[in-house]
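Visitor: Below is protein_13.cif; it holds mmCIF, C-alpha atoms.
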data_model
#
loop_
_atom_site.group_PDB
_atom_site.id
_atom_site.type_symbol
_atom_site.label_atom_id
_atom_site.label_comp_id
_atom_site.auth_asym_id
_atom_site.auth_seq_id
_atom_site.Cartn_x
_atom_site.Cartn_y
_atom_site.Cartn_z
ATOM 1 C CA MET A 1 116.531 117.273 101.722
ATOM 2 C CA HIS A 2 117.250 114.281 103.991
ATOM 3 C CA ILE A 3 116.134 115.324 107.466
ATOM 4 C CA PRO A 4 118.570 114.342 110.241
ATOM 5 C CA ASP A 5 117.403 113.191 113.661
ATOM 6 C CA GLY A 6 116.663 116.022 116.064
ATOM 7 C CA PHE A 7 115.044 118.628 113.794
ATOM 8 C CA ILE A 8 111.548 117.260 114.431
ATOM 9 C CA ASP A 9 110.386 115.900 117.793
ATOM 10 C CA ILE A 10 109.770 112.199 118.396
ATOM 11 C CA PRO A 11 105.929 112.205 118.631
ATOM 12 C CA THR A 12 105.650 114.065 115.310
ATOM 13 C CA SER A 13 108.216 111.765 113.713
ATOM 14 C CA ALA A 14 106.272 108.751 114.934
ATOM 15 C CA GLY A 15 103.030 110.178 113.556
ATOM 16 C CA PHE A 16 104.558 110.728 110.133
ATOM 17 C CA ALA A 17 106.116 107.250 110.265
ATOM 18 C CA ALA A 18 102.590 105.853 110.649
ATOM 19 C CA VAL A 19 101.299 107.950 107.737
ATOM 20 C CA SER A 20 104.259 106.883 105.609
ATOM 21 C CA ALA A 21 103.752 103.211 106.470
ATOM 22 C CA THR A 22 100.156 103.532 105.266
ATOM 23 C CA GLY A 23 101.349 105.214 102.072
ATOM 24 C CA VAL A 24 103.859 102.445 101.424
ATOM 25 C CA ALA A 25 101.198 99.782 102.046
ATOM 26 C CA ILE A 26 98.917 101.465 99.486
ATOM 27 C CA ALA A 27 101.849 101.677 97.052
ATOM 28 C CA LEU A 28 102.549 97.957 97.497
ATOM 29 C CA LYS A 29 98.945 97.193 96.610
ATOM 30 C CA GLY A 30 98.906 99.573 93.646
ATOM 31 C CA ALA A 31 102.223 98.367 92.273
ATOM 32 C CA LYS A 32 100.865 94.846 92.156
ATOM 33 C CA SER A 33 98.417 95.782 89.410
ATOM 34 C CA SER A 34 100.505 98.407 87.612
ATOM 35 C CA LEU A 35 103.695 96.330 87.233
ATOM 36 C CA ASP A 36 104.049 93.235 85.079
ATOM 37 C CA GLU A 37 107.052 91.102 84.224
ATOM 38 C CA LYS A 38 107.974 93.542 81.468
ATOM 39 C CA THR A 39 108.047 96.672 83.630
ATOM 40 C CA ALA A 40 109.233 95.235 86.979
ATOM 41 C CA PRO A 41 112.913 95.233 85.894
ATOM 42 C CA LEU A 42 112.577 98.877 84.777
ATOM 43 C CA ALA A 43 111.292 99.747 88.252
ATOM 44 C CA GLY A 44 114.369 98.064 89.744
ATOM 45 C CA LEU A 45 116.700 99.960 87.422
ATOM 46 C CA THR A 46 114.871 103.223 88.181
ATOM 47 C CA ALA A 47 115.415 102.819 91.936
ATOM 48 C CA THR A 48 119.089 102.002 91.340
ATOM 49 C CA PHE A 49 119.555 104.990 89.031
ATOM 50 C CA ILE A 50 117.931 107.325 91.569
ATOM 51 C CA PHE A 51 120.227 106.039 94.323
ATOM 52 C CA ALA A 52 123.245 106.794 92.122
ATOM 53 C CA VAL A 53 122.098 110.232 90.997
ATOM 54 C CA GLN A 54 121.143 111.251 94.544
ATOM 55 C CA MET A 55 124.878 110.994 95.308
ATOM 56 C CA LEU A 56 125.583 113.681 92.713
ATOM 57 C CA ASN A 57 125.028 116.977 94.495
ATOM 58 C CA PHE A 58 125.131 119.912 92.101
ATOM 59 C CA PRO A 59 125.831 123.515 93.186
ATOM 60 C CA VAL A 60 122.766 125.803 93.057
ATOM 61 C CA ALA A 61 123.808 129.038 94.757
ATOM 62 C CA ALA A 62 126.687 130.349 96.824
ATOM 63 C CA GLY A 63 127.610 127.493 99.157
ATOM 64 C CA THR A 64 124.445 125.479 98.582
ATOM 65 C CA SER A 65 123.945 122.217 96.734
ATOM 66 C CA GLY A 66 121.029 120.052 95.758
ATOM 67 C CA HIS A 67 120.488 116.643 94.265
ATOM 68 C CA LEU A 68 117.832 114.821 92.302
ATOM 69 C CA LEU A 69 114.891 113.543 94.334
ATOM 70 C CA GLY A 70 113.619 111.445 91.448
ATOM 71 C CA GLY A 71 109.953 111.204 92.443
ATOM 72 C CA ALA A 72 108.555 112.606 89.207
ATOM 73 C CA LEU A 73 111.120 110.707 87.138
ATOM 74 C CA ALA A 74 110.159 107.392 88.706
ATOM 75 C CA ALA A 75 106.416 108.123 88.486
ATOM 76 C CA VAL A 76 106.643 108.872 84.745
ATOM 77 C CA LEU A 77 108.711 105.758 84.047
ATOM 78 C CA VAL A 78 106.952 103.153 86.203
ATOM 79 C CA GLY A 79 103.797 104.776 87.621
ATOM 80 C CA PRO A 80 103.266 106.461 91.000
ATOM 81 C CA TYR A 81 102.798 103.305 93.101
ATOM 82 C CA ALA A 82 106.000 101.596 91.994
ATOM 83 C CA ALA A 83 107.733 104.993 92.132
ATOM 84 C CA SER A 84 106.744 105.410 95.765
ATOM 85 C CA LEU A 85 108.230 101.994 96.542
ATOM 86 C CA ALA A 86 111.384 102.750 94.566
ATOM 87 C CA LEU A 87 112.007 105.964 96.527
ATOM 88 C CA THR A 88 111.300 104.165 99.799
ATOM 89 C CA VAL A 89 113.908 101.495 99.009
ATOM 90 C CA VAL A 90 116.422 104.243 98.172
ATOM 91 C CA LEU A 91 115.715 106.085 101.446
ATOM 92 C CA LEU A 92 115.984 102.873 103.480
ATOM 93 C CA MET A 93 119.331 102.025 101.901
ATOM 94 C CA GLN A 94 120.596 105.575 102.492
ATOM 95 C CA GLY A 95 119.402 105.719 106.099
ATOM 96 C CA LEU A 96 120.464 102.209 107.116
ATOM 97 C CA LEU A 97 123.721 101.727 105.199
ATOM 98 C CA PHE A 98 125.061 105.248 104.686
ATOM 99 C CA ALA A 99 123.641 107.138 107.698
ATOM 100 C CA ASP A 100 122.169 109.653 105.222
ATOM 101 C CA GLY A 101 119.027 110.995 106.897
ATOM 102 C CA GLY A 102 118.161 110.170 110.485
ATOM 103 C CA LEU A 103 116.593 106.966 111.775
ATOM 104 C CA THR A 104 113.702 108.489 113.729
ATOM 105 C CA ALA A 105 113.405 110.869 110.737
ATOM 106 C CA LEU A 106 112.909 108.003 108.273
ATOM 107 C CA GLY A 107 109.124 108.376 108.272
ATOM 108 C CA LEU A 108 109.451 112.137 107.722
ATOM 109 C CA ASN A 109 111.779 111.623 104.779
ATOM 110 C CA ILE A 110 109.608 108.918 103.233
ATOM 111 C CA PHE A 111 106.609 111.234 103.577
ATOM 112 C CA ASN A 112 108.369 114.134 101.830
ATOM 113 C CA MET A 113 110.173 112.278 99.053
ATOM 114 C CA SER A 114 108.367 108.961 98.485
ATOM 115 C CA ILE A 115 104.850 110.298 98.915
ATOM 116 C CA ILE A 116 104.724 114.079 98.294
ATOM 117 C CA GLY A 117 107.572 114.146 95.749
ATOM 118 C CA VAL A 118 106.166 111.221 93.791
ATOM 119 C CA TRP A 119 102.464 112.112 93.844
ATOM 120 C CA VAL A 120 102.821 115.856 93.284
ATOM 121 C CA GLY A 121 105.324 115.154 90.509
ATOM 122 C CA TYR A 122 102.922 112.655 88.984
ATOM 123 C CA PHE A 123 99.826 114.872 89.093
ATOM 124 C CA ILE A 124 101.702 117.855 87.663
ATOM 125 C CA PHE A 125 103.025 115.559 84.914
ATOM 126 C CA ILE A 126 99.484 114.411 84.098
ATOM 127 C CA ALA A 127 98.173 117.989 84.077
ATOM 128 C CA ALA A 128 101.034 119.208 81.869
ATOM 129 C CA LYS A 129 100.559 116.274 79.494
ATOM 130 C CA ARG A 130 96.910 117.236 79.108
ATOM 131 C CA VAL A 131 97.824 120.800 78.101
ATOM 132 C CA LEU A 132 100.744 119.920 75.814
ATOM 133 C CA PRO A 133 100.242 118.587 72.261
ATOM 134 C CA LYS A 134 99.563 114.836 72.102
ATOM 135 C CA LYS A 135 103.014 114.005 70.859
ATOM 136 C CA LYS A 136 105.801 111.691 71.894
ATOM 137 C CA SER A 137 108.101 114.630 72.577
ATOM 138 C CA SER A 138 105.647 116.128 75.092
ATOM 139 C CA ILE A 139 106.304 113.340 77.611
ATOM 140 C CA ALA A 140 109.786 114.517 78.618
ATOM 141 C CA ILE A 141 108.624 118.150 78.772
ATOM 142 C CA ALA A 142 105.697 117.251 81.033
ATOM 143 C CA ALA A 143 108.146 115.214 83.155
ATOM 144 C CA LEU A 144 110.425 118.251 83.430
ATOM 145 C CA ILE A 145 107.558 120.372 84.758
ATOM 146 C CA GLY A 146 106.512 117.634 87.194
ATOM 147 C CA GLY A 147 110.087 117.298 88.432
ATOM 148 C CA PHE A 148 110.490 121.041 88.865
ATOM 149 C CA ILE A 149 107.344 121.441 90.996
ATOM 150 C CA SER A 150 107.912 118.256 93.027
ATOM 151 C CA VAL A 151 110.980 119.683 94.799
ATOM 152 C CA PRO A 152 109.455 122.808 96.419
ATOM 153 C CA ALA A 153 106.410 120.604 97.178
ATOM 154 C CA ALA A 154 108.608 118.129 99.073
ATOM 155 C CA ALA A 155 110.259 121.094 100.808
ATOM 156 C CA LEU A 156 106.799 122.192 101.972
ATOM 157 C CA GLY A 157 106.439 118.708 103.467
ATOM 158 C CA PHE A 158 109.336 119.586 105.741
ATOM 159 C CA VAL A 159 107.703 122.916 106.583
ATOM 160 C CA LEU A 160 104.530 121.070 107.616
ATOM 161 C CA GLU A 161 106.549 118.708 109.818
ATOM 162 C CA TYR A 162 108.428 121.659 111.309
ATOM 163 C CA ALA A 163 105.189 123.502 111.992
ATOM 164 C CA ILE A 164 103.810 120.504 113.893
ATOM 165 C CA GLY A 165 106.887 119.321 115.739
ATOM 166 C CA GLY A 166 109.972 121.389 115.038
ATOM 167 C CA THR A 167 112.352 121.417 118.006
ATOM 168 C CA ALA A 168 113.520 124.961 117.176
ATOM 169 C CA THR A 169 111.364 128.021 117.800
ATOM 170 C CA PHE A 170 111.891 130.070 114.648
ATOM 171 C CA SER A 171 108.673 131.133 112.940
ATOM 172 C CA VAL A 172 107.134 128.775 110.426
ATOM 173 C CA SER A 173 106.880 131.511 107.796
ATOM 174 C CA THR A 174 110.630 132.189 108.010
ATOM 175 C CA VAL A 175 111.372 128.509 107.493
ATOM 176 C CA ALA A 176 108.753 128.239 104.734
ATOM 177 C CA SER A 177 110.056 131.098 102.625
ATOM 178 C CA ALA A 178 113.692 129.977 102.961
ATOM 179 C CA MET A 179 112.838 126.347 102.139
ATOM 180 C CA VAL A 180 110.698 127.180 99.107
ATOM 181 C CA GLY A 181 113.155 129.767 97.771
ATOM 182 C CA THR A 182 116.128 127.413 97.928
ATOM 183 C CA HIS A 183 114.228 124.425 96.586
ATOM 184 C CA ILE A 184 112.844 126.254 93.564
ATOM 185 C CA LEU A 185 116.486 126.554 92.473
ATOM 186 C CA ILE A 186 117.121 122.866 93.157
ATOM 187 C CA GLY A 187 113.873 122.119 91.290
ATOM 188 C CA ILE A 188 115.384 123.555 88.100
ATOM 189 C CA GLY A 189 118.151 120.941 88.306
ATOM 190 C CA GLU A 190 115.567 118.280 89.103
ATOM 191 C CA GLY A 191 113.533 119.264 86.031
ATOM 192 C CA LEU A 192 116.546 119.133 83.729
ATOM 193 C CA ILE A 193 117.813 115.743 84.978
ATOM 194 C CA THR A 194 114.264 114.364 84.785
ATOM 195 C CA PHE A 195 113.941 115.675 81.217
ATOM 196 C CA PHE A 196 117.186 114.050 80.044
ATOM 197 C CA ALA A 197 116.572 110.737 81.795
ATOM 198 C CA VAL A 198 112.997 110.438 80.471
ATOM 199 C CA SER A 199 114.180 111.467 76.975
ATOM 200 C CA ALA A 200 116.832 108.734 77.035
ATOM 201 C CA VAL A 201 114.348 106.017 77.977
ATOM 202 C CA MET A 202 111.768 107.360 75.474
ATOM 203 C CA ALA A 203 114.394 107.194 72.732
ATOM 204 C CA SER A 204 115.330 103.590 73.414
ATOM 205 C CA ARG A 205 112.392 101.869 75.116
ATOM 206 C CA ALA A 206 109.281 104.078 74.866
ATOM 207 C CA ASP A 207 107.172 100.900 75.060
ATOM 208 C CA LEU A 208 108.138 100.528 78.745
ATOM 209 C CA VAL A 209 107.249 104.087 79.804
ATOM 210 C CA TYR A 210 104.166 104.178 82.050
ATOM 211 C CA GLY A 211 103.389 107.856 81.385
ATOM 212 C CA TYR A 212 103.447 107.331 77.611
ATOM 213 C CA LYS A 213 101.020 104.415 77.374
ATOM 214 C CA ASP A 214 97.810 106.393 76.856
ATOM 215 C CA VAL A 215 99.428 108.797 74.378
ATOM 216 C CA ALA A 216 100.904 105.893 72.417
ATOM 217 C CA ASN A 217 97.483 104.234 72.280
ATOM 218 C CA SER A 218 95.650 107.351 71.105
ATOM 219 C CA LEU A 219 98.320 108.041 68.468
ATOM 220 C CA GLU A 220 97.932 104.485 67.208
ATOM 221 C CA ILE A 221 94.149 104.764 67.047
ATOM 222 C CA ARG A 222 94.396 108.034 65.149
ATOM 223 C CA SER A 223 96.876 106.703 62.597
ATOM 224 C CA ALA A 224 94.798 103.555 62.134
ATOM 225 C CA SER A 225 91.542 105.374 61.419
ATOM 226 C CA MET B 27 112.626 88.307 67.474
ATOM 227 C CA THR B 28 116.156 87.619 68.660
ATOM 228 C CA GLU B 29 117.027 91.142 67.652
ATOM 229 C CA THR B 30 114.376 92.764 69.861
ATOM 230 C CA LYS B 31 115.383 90.467 72.694
ATOM 231 C CA SER B 32 119.003 91.533 72.568
ATOM 232 C CA ALA B 33 117.980 95.187 72.222
ATOM 233 C CA LYS B 34 115.979 94.750 75.396
ATOM 234 C CA LYS B 35 118.949 93.239 77.191
ATOM 235 C CA ASN B 36 121.189 96.034 75.924
ATOM 236 C CA PHE B 37 118.907 98.684 77.396
ATOM 237 C CA TYR B 38 119.202 97.225 80.889
ATOM 238 C CA LEU B 39 122.894 96.497 80.520
ATOM 239 C CA PHE B 40 123.582 100.035 79.332
ATOM 240 C CA GLY B 41 121.352 101.582 82.004
ATOM 241 C CA PHE B 42 123.032 99.608 84.756
ATOM 242 C CA LEU B 43 126.491 100.489 83.457
ATOM 243 C CA VAL B 44 125.665 104.210 83.398
ATOM 244 C CA THR B 45 124.356 103.908 86.958
ATOM 245 C CA LEU B 46 127.540 102.166 88.144
ATOM 246 C CA ILE B 47 129.732 104.839 86.550
ATOM 247 C CA LEU B 48 127.671 107.659 88.104
ATOM 248 C CA ALA B 49 127.882 106.174 91.612
ATOM 249 C CA GLY B 50 131.376 104.719 91.291
ATOM 250 C CA VAL B 51 133.244 107.465 89.435
ATOM 251 C CA VAL B 52 131.240 110.673 88.950
ATOM 252 C CA SER B 53 130.188 110.773 92.632
ATOM 253 C CA PHE B 54 133.723 111.883 93.576
ATOM 254 C CA TYR B 55 133.084 115.155 91.748
ATOM 255 C CA ALA B 56 129.765 115.931 93.478
ATOM 256 C CA SER B 57 129.442 119.260 95.295
ATOM 257 C CA SER B 58 130.214 118.965 99.005
ATOM 258 C CA SER B 59 128.366 122.166 99.898
ATOM 259 C CA PRO B 60 125.474 121.762 102.359
ATOM 260 C CA ASP B 61 122.208 120.808 100.664
ATOM 261 C CA GLY B 62 119.102 123.015 100.600
ATOM 262 C CA LEU B 63 117.727 121.889 103.965
ATOM 263 C CA GLU B 64 121.120 122.085 105.739
ATOM 264 C CA LYS B 65 121.741 125.531 104.302
ATOM 265 C CA VAL B 66 118.330 126.796 105.426
ATOM 266 C CA ALA B 67 118.820 125.283 108.901
ATOM 267 C CA ASP B 68 122.239 126.918 109.135
ATOM 268 C CA LYS B 69 121.061 130.320 107.927
ATOM 269 C CA ILE B 70 118.008 130.456 110.168
ATOM 270 C CA GLY B 71 119.919 128.967 113.070
ATOM 271 C CA PHE B 72 118.524 125.530 113.926
ATOM 272 C CA ILE B 73 121.290 123.377 112.418
ATOM 273 C CA ASP B 74 122.482 122.629 115.981
ATOM 274 C CA THR B 75 119.288 120.760 116.778
ATOM 275 C CA ALA B 76 120.460 118.004 114.382
ATOM 276 C CA LYS B 77 121.708 114.849 116.063
ATOM 277 C CA ASP B 78 124.048 112.298 114.552
ATOM 278 C CA SER B 79 122.314 109.214 113.262
ATOM 279 C CA PRO B 80 122.826 106.224 115.603
ATOM 280 C CA LEU B 81 124.489 104.672 112.557
ATOM 281 C CA ALA B 82 126.944 107.560 112.084
ATOM 282 C CA ASN B 83 129.856 105.168 112.719
ATOM 283 C CA ALA B 84 128.593 102.433 110.408
ATOM 284 C CA PRO B 85 131.189 101.015 107.984
ATOM 285 C CA LEU B 86 129.656 102.910 105.036
ATOM 286 C CA ALA B 87 128.499 106.046 106.869
ATOM 287 C CA ASP B 88 128.545 109.261 104.866
ATOM 288 C CA TYR B 89 129.272 107.413 101.611
ATOM 289 C CA GLY B 90 132.748 106.256 102.477
ATOM 290 C CA VAL B 91 134.172 102.818 103.185
ATOM 291 C CA LYS B 92 135.740 102.762 106.621
ATOM 292 C CA GLY B 93 139.451 102.042 106.462
ATOM 293 C CA VAL B 94 139.871 103.083 102.832
ATOM 294 C CA LYS B 95 142.077 106.165 102.992
ATOM 295 C CA ASN B 96 141.954 107.167 99.323
ATOM 296 C CA GLU B 97 138.969 109.513 99.046
ATOM 297 C CA ARG B 98 138.245 108.685 95.414
ATOM 298 C CA LEU B 99 138.332 104.948 96.069
ATOM 299 C CA SER B 100 136.333 105.226 99.289
ATOM 300 C CA VAL B 101 133.362 107.124 97.833
ATOM 301 C CA GLY B 102 133.462 105.147 94.586
ATOM 302 C CA LEU B 103 133.362 101.818 96.414
ATOM 303 C CA ALA B 104 130.546 103.047 98.670
ATOM 304 C CA GLY B 105 128.629 104.113 95.562
ATOM 305 C CA ILE B 106 129.097 100.756 93.876
ATOM 306 C CA ILE B 107 128.024 98.897 97.017
ATOM 307 C CA GLY B 108 124.958 101.147 97.205
ATOM 308 C CA VAL B 109 124.074 100.536 93.559
ATOM 309 C CA LEU B 110 124.426 96.767 93.906
ATOM 310 C CA GLY B 111 122.454 96.750 97.155
ATOM 311 C CA THR B 112 119.672 99.029 95.901
ATOM 312 C CA GLY B 113 119.525 97.133 92.615
ATOM 313 C CA ALA B 114 119.196 93.787 94.350
ATOM 314 C CA VAL B 115 116.637 94.895 96.947
ATOM 315 C CA ALA B 116 114.480 96.960 94.555
ATOM 316 C CA THR B 117 114.501 94.497 91.668
ATOM 317 C CA GLY B 118 113.780 91.625 94.054
ATOM 318 C CA LEU B 119 110.884 93.553 95.602
ATOM 319 C CA PHE B 120 109.357 94.501 92.229
ATOM 320 C CA LEU B 121 109.642 90.972 90.857
ATOM 321 C CA VAL B 122 107.790 89.714 93.931
ATOM 322 C CA VAL B 123 104.979 92.328 93.918
ATOM 323 C CA ARG B 124 104.369 92.485 90.141
ATOM 324 C CA ARG B 125 101.182 91.165 88.575
ATOM 325 C CA LYS B 126 101.505 87.489 87.803
ATOM 326 C CA SER B 127 100.476 86.470 84.327
ATOM 327 C CA ASN B 128 98.805 83.087 84.209
#
For the file at hand, write its structure as structure tokens.
Guide:
Amino acid sequence: MHIPDGFIDIPTSAGFAAVSATGVAIALKGAKSSLDEKTAPLAGLTATFIFAVQMLNFPVAAGTSGHLLGGALAAVLVGPYAASLALTVVLLMQGLLFADGGLTALGLNIFNMSIIGVWVGYFIFIAAKRVLPKKKSSIAIAALIGGFISVPAAALGFVLEYAIGGTATFSVSTVASAMVGTHILIGIGEGLITFFAVSAVMASRADLVYGYKDVANSLEIRSAS
Amino acid sequence: MTETKSAKKNFYLFGFLVTLILAGVVSFYASSSPDGLEKVADKIGFIDTAKDSPLANAPLADYGVKGVKNERLSVGLAGIIGVLGTGAVATGLFLVVRRKSN
């Protein structure tokens, strides 16, 4: 999913870098009010965990691999603003230290994974949570669905960038169908890893989980009345 | 009180340990097949438009430590460096931006 330099032309890359910078600035502002001293360390651990698991490519089809993006996972654990920052730190470390993803492509990658992946994953999680029973066990299931959808959504981010400034001349619809098809498969892996990671945190420290706060409150109110 | 405090510490300690093991040990076993985007670019035919990152010769490029011949050691060390670096930068950032209680 990490775009190398050269796929997308420089003006388009610069444009997306500006959009991404705005997104990160908004995330910085939002994280200020959504994080406190109790949840800030969890946000740090979440970013670190995502860096580690992004190294673990799993096979999805003949000769193709995928890895966790982690946008939905982070959004469920620490909220979308802090999640966006967490993914941005991961992408900066990968691009600057490990030459994973291009340098001029950094804004493109932040747009797809830190913004689209996180926010689509988060909104799908919220929608799924609304439909599912108001129970503790619904959180990880809603996270799974959010994770699953976030991957083809991030892949569509690339398609958008390609449509605007791709250096190759293949048709956008060809690229779109190949990207979505492949990333639906990777999304299954994303959903499963997201499910297990959220389940593990819910089992040990549910009190820290951002996406569980409102459910926990309503369950408490109901049992009190 | 002391019990909940140590439980809290254990959660972070355990989480960090799992993360170190994933990046330092399990990473060696990761699939080396091209990822979704690379595969699509290859199949459709625009993989050649990719350019090497200007940092392609950096000491940790491509998740290996330059000069370390043993593959398992090289990727494991790179993973551990990445975990420590990401942990330090991210945790530092979040502690700075978090809401201050007063």
Visitor: Could you list, as a VMD selection string, every residue matched by the PyMOL selection byres ((chain A and resi 202) around 12) in this structure?
Guide: (chain A and resid 76 to 77 135 to 141 143 194 to 201 203 to 213 216) or (chain B and resid 37)
Visitor: Could you state which residues are captured by the PyMOL selection byres ((chain B) within 7 of (chain A)) in this file, as a count of residues only?
Guide: 38
Visitor: Evaluate the PyMOL selection byres ((chain B and resi 103) around 12) and record the selected residues as a PyMOL selection string, following the chain and residue labels used in the document.
Guide: chain B and resi 46-54+85-86+89-102+104-110
Visitor: Just the selected residues (C-alpha atoms), exported as a PDB file, keeping the file's coordinate frame, please.
Guide:
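Generated file (out37.pdb):
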ATOM      1  CA  LEU B  46     127.540 102.166  88.144  1.00  0.00           C
ATOM      2  CA  ILE B  47     129.732 104.839  86.550  1.00  0.00           C
ATOM      3  CA  LEU B  48     127.671 107.659  88.104  1.00  0.00           C
ATOM      4  CA  ALA B  49     127.882 106.174  91.612  1.00  0.00           C
ATOM      5  CA  GLY B  50     131.376 104.719  91.291  1.00  0.00           C
ATOM      6  CA  VAL B  51     133.244 107.465  89.435  1.00  0.00           C
ATOM      7  CA  VAL B  52     131.240 110.673  88.950  1.00  0.00           C
ATOM      8  CA  SER B  53     130.188 110.773  92.632  1.00  0.00           C
ATOM      9  CA  PHE B  54     133.723 111.883  93.576  1.00  0.00           C
ATOM     10  CA  PRO B  85     131.189 101.015 107.984  1.00  0.00           C
ATOM     11  CA  LEU B  86     129.656 102.910 105.036  1.00  0.00           C
ATOM     12  CA  TYR B  89     129.272 107.413 101.611  1.00  0.00           C
ATOM     13  CA  GLY B  90     132.748 106.256 102.477  1.00  0.00           C
ATOM     14  CA  VAL B  91     134.172 102.818 103.185  1.00  0.00           C
ATOM     15  CA  LYS B  92     135.740 102.762 106.621  1.00  0.00           C
ATOM     16  CA  GLY B  93     139.451 102.042 106.462  1.00  0.00           C
ATOM     17  CA  VAL B  94     139.871 103.083 102.832  1.00  0.00           C
ATOM     18  CA  LYS B  95     142.077 106.165 102.992  1.00  0.00           C
ATOM     19  CA  ASN B  96     141.954 107.167  99.323  1.00  0.00           C
ATOM     20  CA  GLU B  97     138.969 109.513  99.046  1.00  0.00           C
ATOM     21  CA  ARG B  98     138.245 108.685  95.414  1.00  0.00           C
ATOM     22  CA  LEU B  99     138.332 104.948  96.069  1.00  0.00           C
ATOM     23  CA  SER B 100     136.333 105.226  99.289  1.00  0.00           C
ATOM     24  CA  VAL B 101     133.362 107.124  97.833  1.00  0.00           C
ATOM     25  CA  GLY B 102     133.462 105.147  94.586  1.00  0.00           C
ATOM     26  CA  ALA B 104     130.546 103.047  98.670  1.00  0.00           C
ATOM     27  CA  GLY B 105     128.629 104.113  95.562  1.00  0.00           C
ATOM     28  CA  ILE B 106     129.097 100.756  93.876  1.00  0.00           C
ATOM     29  CA  ILE B 107     128.024  98.897  97.017  1.00  0.00           C
ATOM     30  CA  GLY B 108     124.958 101.147  97.205  1.00  0.00           C
ATOM     31  CA  VAL B 109     124.074 100.536  93.559  1.00  0.00           C
ATOM     32  CA  LEU B 110     124.426  96.767  93.906  1.00  0.00           C
TER      33      LEU B 110
END
Visitor: Mind pulling up the distance from atom CA of B:Val44 to atom CA of B:Ser32?
Guide: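 Taking atom CA of B:Ser32 as the start and atom CA of B:Val44 as the end point, the length is 18.0 Å.
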Visitor: Can you pull out every residue within 9 Å of A:Gly23, counting all atoms listed in the file, but drop anything in the same chain fewer than 4 positions away, and send it as number ranges by chain?
Guide: A: 18-19, 27-28, 84, 111, 114-115
Visitor: Point out the residue among A:Gly71, A:Gly157, A:Pro80, A:Pro133 with the least atom-to-atom distance to A:Asn112, counting all atoms listed in the file.
Guide: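 Smallest distance to A:Asn112 is found for A:Gly157.
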Visitor: Could you check how far atom CA of A:Lys134 sits from atom CA of A:Ser150, in Å to one decimal?
Guide: 22.8 Å
Visitor: What is the atom CA of A:Thr12-atom CA of B:Lys69 distance in Å, reported with one decimal?
Guide: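 Distance between the two atoms: 23.6 Å.
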Visitor: With all atoms listed in the file as the atoms that count, which of A:Asp9, A:Ile126, A:Val159, A:Ile26 lies nearest to A:Asp214?
Guide: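 Between A:Asp9, A:Ile126, A:Val159, A:Ile26, the residue approaching A:Asp214 most closely is A:Ile126.
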